[in-house]
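Asker: So here's model.cif, just mmCIF, C-alpha atoms and all ligand atoms:
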data_my_file
#
loop_
_atom_site.label_atom_id
_atom_site.label_comp_id
_atom_site.auth_asym_id
_atom_site.auth_seq_id
_atom_site.Cartn_x
_atom_site.Cartn_y
_atom_site.Cartn_z
CA MET A 1 43.31 43.06 52.62
CA ARG A 2 44.53 46.08 54.50
CA LEU A 3 44.07 49.56 53.20
CA ILE A 4 46.08 52.61 54.15
CA VAL A 5 45.01 55.91 52.65
CA VAL A 6 47.26 58.89 53.15
CA ASP A 7 47.16 62.48 52.03
CA ASN A 8 49.72 62.57 49.25
CA TYR A 9 52.59 60.89 47.39
CA GLU A 10 55.16 61.80 50.02
CA ALA A 11 53.12 60.30 52.85
CA MET A 12 52.49 57.16 50.77
CA SER A 13 56.22 56.82 50.14
CA ARG A 14 57.13 57.36 53.78
CA LYS A 15 54.62 54.75 54.90
CA ALA A 16 55.91 52.23 52.33
CA ALA A 17 59.55 52.83 53.28
CA ASN A 18 58.71 52.42 56.96
CA MET A 19 57.03 49.08 56.27
CA VAL A 20 60.06 47.85 54.29
CA ALA A 21 62.33 49.11 57.08
CA ALA A 22 60.29 47.23 59.70
CA GLN A 23 60.62 44.07 57.62
CA ILE A 24 64.42 44.48 57.47
CA LEU A 25 64.71 45.30 61.17
CA LEU A 26 62.69 42.24 62.14
CA LYS A 27 64.47 39.98 59.64
CA PRO A 28 67.87 41.30 58.52
CA GLU A 29 68.21 38.48 55.94
CA SER A 30 64.93 39.39 54.26
CA VAL A 31 64.29 38.61 50.62
CA LEU A 32 62.66 41.68 49.10
CA GLY A 33 60.76 41.84 45.83
CA LEU A 34 61.27 45.26 44.27
CA ALA A 35 59.42 47.38 41.74
CA THR A 36 60.42 50.15 39.34
CA GLY A 37 58.43 52.95 37.65
CA SER A 38 57.55 56.39 39.00
CA THR A 39 55.55 55.19 41.97
CA PRO A 40 58.28 53.74 44.25
CA LEU A 41 60.90 56.43 43.51
CA MET A 42 60.39 58.35 46.72
CA THR A 43 60.05 55.13 48.72
CA TYR A 44 63.64 54.39 47.68
CA GLN A 45 64.65 57.90 48.75
CA PHE A 46 63.18 57.37 52.22
CA LEU A 47 64.87 53.96 52.48
CA ILE A 48 68.22 55.53 51.55
CA LYS A 49 67.66 58.10 54.29
CA LEU A 50 66.87 55.36 56.81
CA TYR A 51 70.09 53.61 55.78
CA LYS A 52 72.15 56.80 56.06
CA ASP A 53 70.63 57.48 59.48
CA GLU A 54 71.76 53.97 60.44
CA THR A 55 68.19 52.97 61.25
CA ILE A 56 68.47 50.04 58.83
CA ASN A 57 71.34 47.93 57.57
CA LEU A 58 70.83 46.14 54.25
CA ASP A 59 73.95 44.02 54.40
CA GLY A 60 71.98 40.77 54.78
CA VAL A 61 69.16 41.65 52.37
CA THR A 62 68.56 39.89 49.04
CA THR A 63 66.50 41.54 46.32
CA PHE A 64 64.61 40.29 43.29
CA ASN A 65 63.18 42.82 40.87
CA LEU A 66 59.83 42.14 39.30
CA ASP A 67 60.77 42.68 35.69
CA GLU A 68 63.10 43.97 32.98
CA TYR A 69 62.72 45.00 29.36
CA VAL A 70 63.98 42.67 26.65
CA GLY A 71 66.41 44.06 24.11
CA ILE A 72 67.91 47.13 25.76
CA SER A 73 71.31 47.04 27.41
CA LYS A 74 71.76 47.14 31.19
CA GLY A 75 73.51 50.49 30.75
CA ASN A 76 70.59 52.03 28.86
CA GLU A 77 69.05 54.65 31.10
CA ASN A 78 65.60 53.16 30.58
CA SER A 79 66.61 49.67 31.68
CA TYR A 80 65.50 48.60 35.14
CA HIS A 81 69.10 47.61 35.89
CA TYR A 82 70.01 51.27 35.41
CA TYR A 83 66.97 52.49 37.36
CA MET A 84 67.78 50.30 40.37
CA GLU A 85 71.44 51.26 40.37
CA GLU A 86 70.79 54.99 40.04
CA ASN A 87 67.79 55.22 42.36
CA PHE A 88 68.67 52.78 45.08
CA PHE A 89 71.52 50.27 44.92
CA LYS A 90 74.39 52.72 44.62
CA TYR A 91 73.35 54.46 47.86
CA VAL A 92 72.87 51.41 50.11
CA ASN A 93 74.88 48.37 51.18
CA ILE A 94 73.02 45.49 49.54
CA LYS A 95 75.76 43.12 48.32
CA SER A 96 75.89 43.11 44.51
CA GLU A 97 75.68 39.32 44.43
CA ASN A 98 72.41 39.59 46.34
CA GLN A 99 70.81 41.99 43.83
CA HIS A 100 68.78 40.13 41.21
CA ILE A 101 67.08 41.54 38.12
CA PRO A 102 66.00 39.39 35.16
CA ASP A 103 68.46 39.55 32.25
CA GLY A 104 66.51 40.93 29.32
CA ASN A 105 69.48 40.31 27.03
CA ALA A 106 69.77 36.60 27.72
CA THR A 107 70.10 34.62 24.50
CA ASN A 108 67.62 32.09 25.81
CA LEU A 109 64.82 33.99 27.53
CA GLU A 110 62.94 30.87 28.64
CA ALA A 111 66.09 29.53 30.31
CA GLU A 112 66.65 32.91 32.00
CA CYS A 113 63.08 32.86 33.36
CA PHE A 114 63.51 29.31 34.62
CA SER A 115 66.75 30.16 36.36
CA TYR A 116 65.29 33.37 37.88
CA GLU A 117 62.41 31.43 39.37
CA LYS A 118 64.84 28.83 40.69
CA LYS A 119 67.01 31.49 42.33
CA ILE A 120 63.97 32.93 44.13
CA LYS A 121 63.11 29.45 45.42
CA SER A 122 66.70 28.78 46.49
CA LYS A 123 66.54 31.90 48.69
CA GLY A 124 63.40 30.59 50.37
CA GLY A 125 60.94 32.74 48.40
CA ILE A 126 60.10 36.41 48.76
CA ASP A 127 59.37 37.74 52.24
CA PHE A 128 58.15 41.17 51.27
CA GLN A 129 57.05 42.25 47.79
CA VAL A 130 56.65 45.90 46.76
CA LEU A 131 54.27 46.47 43.84
CA GLY A 132 53.09 49.37 41.72
CA ILE A 133 50.10 48.98 39.42
CA GLY A 134 49.77 49.84 35.73
CA ASN A 135 46.83 51.87 34.43
CA ASN A 136 45.67 48.62 32.85
CA GLY A 137 45.89 46.75 36.17
CA HIS A 138 49.17 45.00 35.50
CA ILE A 139 51.47 43.97 38.35
CA GLY A 140 55.08 43.53 37.34
CA PHE A 141 54.57 43.22 33.60
CA ASN A 142 51.75 40.69 33.96
CA GLU A 143 49.52 42.25 31.34
CA PRO A 144 45.75 41.75 31.01
CA ASP A 145 45.26 38.31 29.52
CA LEU A 146 42.90 35.36 29.24
CA LYS A 147 44.65 33.58 32.09
CA PHE A 148 47.04 34.32 34.94
CA GLU A 149 50.61 33.35 33.95
CA ALA A 150 52.08 31.57 36.92
CA VAL A 151 55.85 31.79 36.89
CA THR A 152 58.53 34.14 35.55
CA HIS A 153 58.04 34.41 31.79
CA PRO A 154 58.72 36.56 28.71
CA ILE A 155 55.76 38.75 27.76
CA ASN A 156 54.68 40.98 24.89
CA LEU A 157 53.88 44.38 26.37
CA ASP A 158 50.38 45.75 26.05
CA ASP A 159 49.77 48.79 23.81
CA GLU A 160 48.58 50.69 26.89
CA THR A 161 51.80 49.90 28.77
CA ILE A 162 53.93 50.94 25.79
CA LYS A 163 51.99 54.20 25.61
CA ALA A 164 52.21 54.79 29.40
CA ASN A 165 55.95 54.07 29.51
CA SER A 166 56.76 56.12 26.40
CA ARG A 167 57.04 59.13 28.73
CA PHE A 168 60.48 57.81 29.73
CA PHE A 169 61.66 57.35 26.12
CA GLU A 170 62.35 59.75 23.23
CA SER A 171 59.38 58.30 21.35
CA GLU A 172 56.81 55.54 21.62
CA ALA A 173 58.65 53.61 18.89
CA GLU A 174 61.66 53.25 21.19
CA VAL A 175 59.78 51.50 23.99
CA PRO A 176 60.71 47.79 23.98
CA LYS A 177 57.85 45.54 22.97
CA LYS A 178 58.88 42.67 25.18
CA ALA A 179 59.89 42.10 28.78
CA ILE A 180 60.57 39.41 31.34
CA THR A 181 58.34 39.45 34.40
CA MET A 182 57.84 37.43 37.54
CA GLY A 183 54.59 35.53 37.23
CA VAL A 184 51.42 35.97 39.21
CA ARG A 185 52.17 32.89 41.29
CA THR A 186 55.66 34.18 42.02
CA ILE A 187 54.09 37.38 43.35
CA MET A 188 51.25 35.63 45.18
CA ASN A 189 53.74 33.32 46.92
CA SER A 190 55.38 36.33 48.60
CA ARG A 191 54.66 36.28 52.33
CA LYS A 192 53.73 39.96 52.48
CA VAL A 193 52.76 42.29 49.66
CA ILE A 194 52.35 46.05 49.57
CA LEU A 195 50.88 47.77 46.55
CA LEU A 196 51.43 51.50 46.11
CA ALA A 197 49.37 53.82 43.96
CA ASN A 198 48.97 57.55 43.75
CA GLY A 199 47.27 60.05 41.51
CA GLN A 200 43.95 60.18 39.73
CA ASN A 201 45.06 58.16 36.70
CA LYS A 202 45.10 55.09 39.00
CA THR A 203 41.73 55.73 40.71
CA GLU A 204 39.54 53.54 38.53
CA THR A 205 42.10 50.73 38.28
CA ILE A 206 42.47 50.64 42.07
CA TYR A 207 38.71 50.51 42.48
CA LYS A 208 38.48 47.54 40.08
CA ALA A 209 41.46 45.79 41.67
CA ILE A 210 39.81 45.95 45.10
CA TYR A 211 36.12 45.47 44.30
CA GLY A 212 36.07 43.96 40.81
CA LYS A 213 35.83 40.35 39.74
CA ILE A 214 39.07 38.39 40.13
CA ASP A 215 39.95 38.29 36.50
CA PRO A 216 43.19 37.98 34.48
CA HIS A 217 41.99 40.94 32.42
CA LEU A 218 42.85 42.98 35.53
CA PRO A 219 45.83 41.09 36.94
CA ALA A 220 46.01 43.04 40.23
CA SER A 221 42.52 41.74 41.14
CA ILE A 222 44.12 38.45 42.21
CA LEU A 223 45.62 40.28 45.19
CA GLN A 224 42.13 40.14 46.76
CA LEU A 225 43.05 36.52 47.52
CA HIS A 226 46.42 37.25 49.11
CA PRO A 227 46.45 36.58 52.87
CA ASP A 228 48.72 39.53 53.71
CA VAL A 229 48.38 42.39 51.26
CA THR A 230 48.28 46.10 52.07
CA PHE A 231 47.29 48.75 49.55
CA ILE A 232 48.93 52.10 50.37
CA LEU A 233 47.14 54.82 48.44
CA ASP A 234 47.09 58.56 48.29
CA ARG A 235 43.78 60.34 48.59
CA GLU A 236 43.36 60.66 44.81
CA ALA A 237 43.99 57.00 43.99
CA ALA A 238 41.57 56.02 46.78
CA SER A 239 38.84 58.46 45.87
CA LEU A 240 36.34 55.84 44.60
CA ILE A 241 36.74 53.63 47.66
CA LYS A 242 33.68 53.83 49.85
CA ASP A 243 32.86 50.44 51.29
CA THR A 244 35.62 49.18 53.53
CA SER A 245 33.53 46.68 55.50
CA ASP A 246 35.40 43.71 53.98
CA MET A 247 38.84 45.06 54.85
CA GLN A 248 40.74 43.58 57.78
CA TYR A 249 42.26 46.86 58.74
CA VAL A 250 41.65 50.30 57.45
CA ASP A 251 43.94 53.10 58.34
CA LEU A 252 42.81 56.42 56.97
CA TYR A 253 45.40 59.07 57.64
CA LEU A 254 43.30 61.89 56.35
P1 LIG B 1 54.27 53.78 37.40
O1 LIG B 1 54.10 52.32 36.81
O2 LIG B 1 54.75 53.60 38.80
O3 LIG B 1 55.32 54.43 36.53
O4 LIG B 1 52.94 54.44 37.33
C1 LIG B 1 53.50 51.34 37.57
C2 LIG B 1 53.48 50.05 36.82
O5 LIG B 1 53.45 50.08 35.57
O6 LIG B 1 53.47 48.99 37.47
#
Before we go any further, please render this structure as structure tokens.
Ligand code: PGA

Answerer:
Amino acid sequence: MRLIVVDNYEAMSRKAANMVAAQILLKPESVLGLATGSTPLMTYQFLIKLYKDETINLDGVTTFNLDEYVGISKGNENSYHYYMEENFFKYVNIKSENQHIPDGNATNLEAECFSYEKKIKSKGGIDFQVLGIGNNGHIGFNEPDLKFEAVTHPINLDDETIKANSRFFESEAEVPKKAITMGVRTIMNSRKVILLANGQNKTETIYKAIYGKIDPHLPASILQLHPDVTFILDREAASLIKDTSDMQYVDLYL
């Protein structure tokens, strides 16, 4: 595991965008795994800037988003289709046929999950996966559970996730109760993973993800076993981290 600790959210976002940009420069046909939520918002802004500056060209890039709610339309402003369009896709040149997000309105959710997983495989798997982390330790919408769910699957959202995400909705009652998410194996099969976290509400979860037991009750803990994972944290999210002797590479930009 590599750990990069920077001063603040902006520095975290710049670092993440630069790592994605390096991936695209070194492999223009990269398959990227993308995340939504508050955390990667500024990363997308930096990537858009790098595209506008002509530092990167996304013409050959393919993307797969981690997850999508079940039961809200793609045009709903809380859907991840909408989020991706408004915060990233409409500003860059990723071909629309190369943008993939699970269809939360599919009549047969199991079939949709199967086909999503198959599409990822047909593109040769994910080269570079961007992750956030939920307060409950989820990655994608892989919620705390008795076991790690391997492949893309429908999931009932955790009460904590519903509460956390209600800030985007009019009320908690409006938050969908179900979603489709890539599985833990789908994520772990990515060649490179970066996980971003900022702010003090993530501090304890980050500590457990890095030092805790590898346990499906804290899904992000499985990343301890990934051969090429980098946690990019701001100072607050990293504030419980003391012992870095097991890390391959520690970059403290403080
Ligand atoms: P956030 O969500 O970026 O909005 O904090 C992260 C997540 O739930 O994975």

Asker: Counting all atoms listed in the file, which protein, DNA or RNA residues come within 10 Å of ligand LIG 1 (chain B), given as a PyMOL selection string?

Answerer: chain A and resi 35-41+66-67+131-143+160-162+164-165+167-168+195-199+201-202+220

Asker: Within 7 Å of range 29-31 of chain A, counting all atoms listed in the file, which residues qualify if same-chain residues fewer than 4 places away don't, as number ranges by chain?

Answerer: A: 24, 60-63, 126-128

Asker: Pick the closest to Ser73 in chain A from A:Met1, A:Glu117, A:Phe89, A:Pro176: which is it, counting all atoms listed in the file?

Answerer: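 Closest residue, counting all atoms listed in the file: A:Pro176.
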
Asker: State, in Å with one decimal place, the distance from CA of Tyr44 in chain A to CA of Glu236 in chain A.

Answerer: 21.4 Å

Asker: Using only C-alpha atoms for the distances, tell me which of A:Val193, A:Met188, A:Ile210, A:Leu58 is nearest to Thr230 in chain A.

Answerer: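 Distance minimum relative to Thr230 in chain A lands on A:Val193.
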
Asker: Between A:Ala11, A:Val5, A:Ile222, A:Ala22, which is the closest to Thr43 in chain A once you count only C-alpha atoms?

Answerer: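 Distance minimum relative to Thr43 in chain A lands on A:Ala11.
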
Asker: Looking at A:Tyr207, A:Tyr51, A:Phe114, A:Phe231, which one is nearest to Arg2 in chain A, with distances taken over all atoms listed in the file?

Answerer: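 Nearest candidate to Arg2 in chain A out of A:Tyr207, A:Tyr51, A:Phe114, A:Phe231: A:Phe231.
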
Asker: Suppose you want the space between CA of Ile48 in chain A and CA of His226 in chain A; what is it in Å?

Answerer: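 Calculated distance between CA of Ile48 in chain A and CA of His226 in chain A is 28.6 Å.
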
Asker: So the first atom is CA of Tyr80 in chain A and the second is CA of His100 in chain A; what is the distance between them in Å, to one decimal place?

Answerer: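 The value is 10.9 Å.
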
Asker: Would you mind telling me which residue in A:Thr203, A:Ser79, A:Pro144, A:Val20 lies nearest to Ser221 in chain A when using all atoms listed in the file?

Answerer: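 Of A:Thr203, A:Ser79, A:Pro144, A:Val20, the one nearest Ser221 in chain A is A:Pro144, counting all atoms listed in the file.
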
Asker: Taking all atoms listed in the file into account, name the residue in A:Val92, A:Leu233, A:Met19, A:Leu26 that is nearest to Glu54 in chain A.

Answerer: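 Nearest to Glu54 in chain A: A:Val92.
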
Asker: Find the spatial neighbours of Gly104 in chain A, counting only C-alpha atoms, within a cut-off of 6 Å - ignore same-chain residues fewer than 2 positions away - and output them as a PDB file with C-alpha atoms, in the frame of the given file.

Answerer:
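Contents of result23.pdb, as written:
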ATOM      1  CA  GLU A  68      63.100  43.970  32.980  1.00  0.00           C
ATOM      2  CA  TYR A  69      62.720  45.000  29.360  1.00  0.00           C
ATOM      3  CA  VAL A  70      63.980  42.670  26.650  1.00  0.00           C
ATOM      4  CA  ALA A 106      69.770  36.600  27.720  1.00  0.00           C
TER       5      ALA A 106
END

Asker: Could you pull the residues within 6 Å of Val130 in chain A, counting only C-alpha atoms, minus those fewer than 3 positions along the same chain, as a list in words?

Answerer: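 So, after excluding close chain neighbours, the residues are Gly33, Leu34, Ala35 and Ile194 of chain A.
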
Asker: To test the calculation: enclose all listed atoms of range 102-117 of chain A in a box whose edges run along x, y and z, add 6 Å on each side, then state centre and edge lengths in Å to one decimal, as AutoDock Vina command-line options.

Answerer:
--center_x 66.3 --center_y 35.1 --center_z 31.9 --size_x 19.7 --size_y 23.6 --size_z 26.9

Asker: Is it possible to get the residues within 10 Å of (60.3, 30.8, 30.3) (coordinates as in the file, counting all atoms listed in the file) written as a PyMOL selection string?

Answerer: chain A and resi 108-117+151-155+180-181

Asker: Since the input is missing atoms for range 136-155 of chain A, could you rebuild it with N, CA and C atoms and give the result as a short mmCIF file (atom, residue, chain, number, x, y, z; two decimals), in the frame of the given file?

Answerer:
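Listed below is the output, selection.cif:
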data_model
loop_
_atom_site.label_atom_id
_atom_site.label_comp_id
_atom_site.auth_asym_id
_atom_site.auth_seq_id
_atom_site.Cartn_x
_atom_site.Cartn_y
_atom_site.Cartn_z
N ASN A 136 46.48 49.74 33.33
CA ASN A 136 45.67 48.62 32.85
C ASN A 136 45.55 47.50 33.89
N GLY A 137 46.03 47.75 35.09
CA GLY A 137 45.89 46.75 36.17
C GLY A 137 47.02 45.75 36.22
N HIS A 138 48.08 45.98 35.44
CA HIS A 138 49.17 45.00 35.50
C HIS A 138 49.95 45.11 36.81
N ILE A 139 50.52 43.98 37.23
CA ILE A 139 51.47 43.97 38.35
C ILE A 139 52.73 43.30 37.81
N GLY A 140 53.91 43.88 38.13
CA GLY A 140 55.08 43.53 37.34
C GLY A 140 54.70 43.89 35.91
N PHE A 141 55.08 43.03 34.96
CA PHE A 141 54.57 43.22 33.60
C PHE A 141 53.57 42.11 33.26
N ASN A 142 52.84 41.64 34.25
CA ASN A 142 51.75 40.69 33.96
C ASN A 142 50.60 41.48 33.38
N GLU A 143 50.50 41.44 32.05
CA GLU A 143 49.52 42.25 31.34
C GLU A 143 48.15 41.57 31.35
N PRO A 144 47.08 42.36 31.11
CA PRO A 144 45.75 41.75 31.01
C PRO A 144 45.76 40.62 30.00
N ASP A 145 45.16 39.50 30.37
CA ASP A 145 45.26 38.31 29.52
C ASP A 145 44.05 37.42 29.78
N LEU A 146 44.00 36.31 29.05
CA LEU A 146 42.90 35.36 29.24
C LEU A 146 43.12 34.50 30.47
N LYS A 147 44.39 34.37 30.88
CA LYS A 147 44.65 33.58 32.09
C LYS A 147 45.82 34.21 32.85
N PHE A 148 45.91 33.85 34.14
CA PHE A 148 47.04 34.32 34.94
C PHE A 148 48.25 33.46 34.61
N GLU A 149 49.35 34.09 34.22
CA GLU A 149 50.61 33.35 33.95
C GLU A 149 51.30 33.12 35.28
N ALA A 150 51.61 31.88 35.58
CA ALA A 150 52.08 31.57 36.92
C ALA A 150 53.50 32.07 37.22
N VAL A 151 54.45 31.56 36.49
CA VAL A 151 55.85 31.79 36.89
C VAL A 151 56.52 32.85 36.01
N THR A 152 57.78 33.14 36.33
CA THR A 152 58.53 34.14 35.55
C THR A 152 58.52 33.75 34.07
N HIS A 153 58.21 34.74 33.21
CA HIS A 153 58.04 34.41 31.79
C HIS A 153 58.31 35.66 30.92
N PRO A 154 58.63 35.42 29.63
CA PRO A 154 58.72 36.56 28.71
C PRO A 154 57.29 36.99 28.33
N ILE A 155 57.11 38.26 28.08
CA ILE A 155 55.76 38.75 27.76
C ILE A 155 55.83 39.84 26.69
#
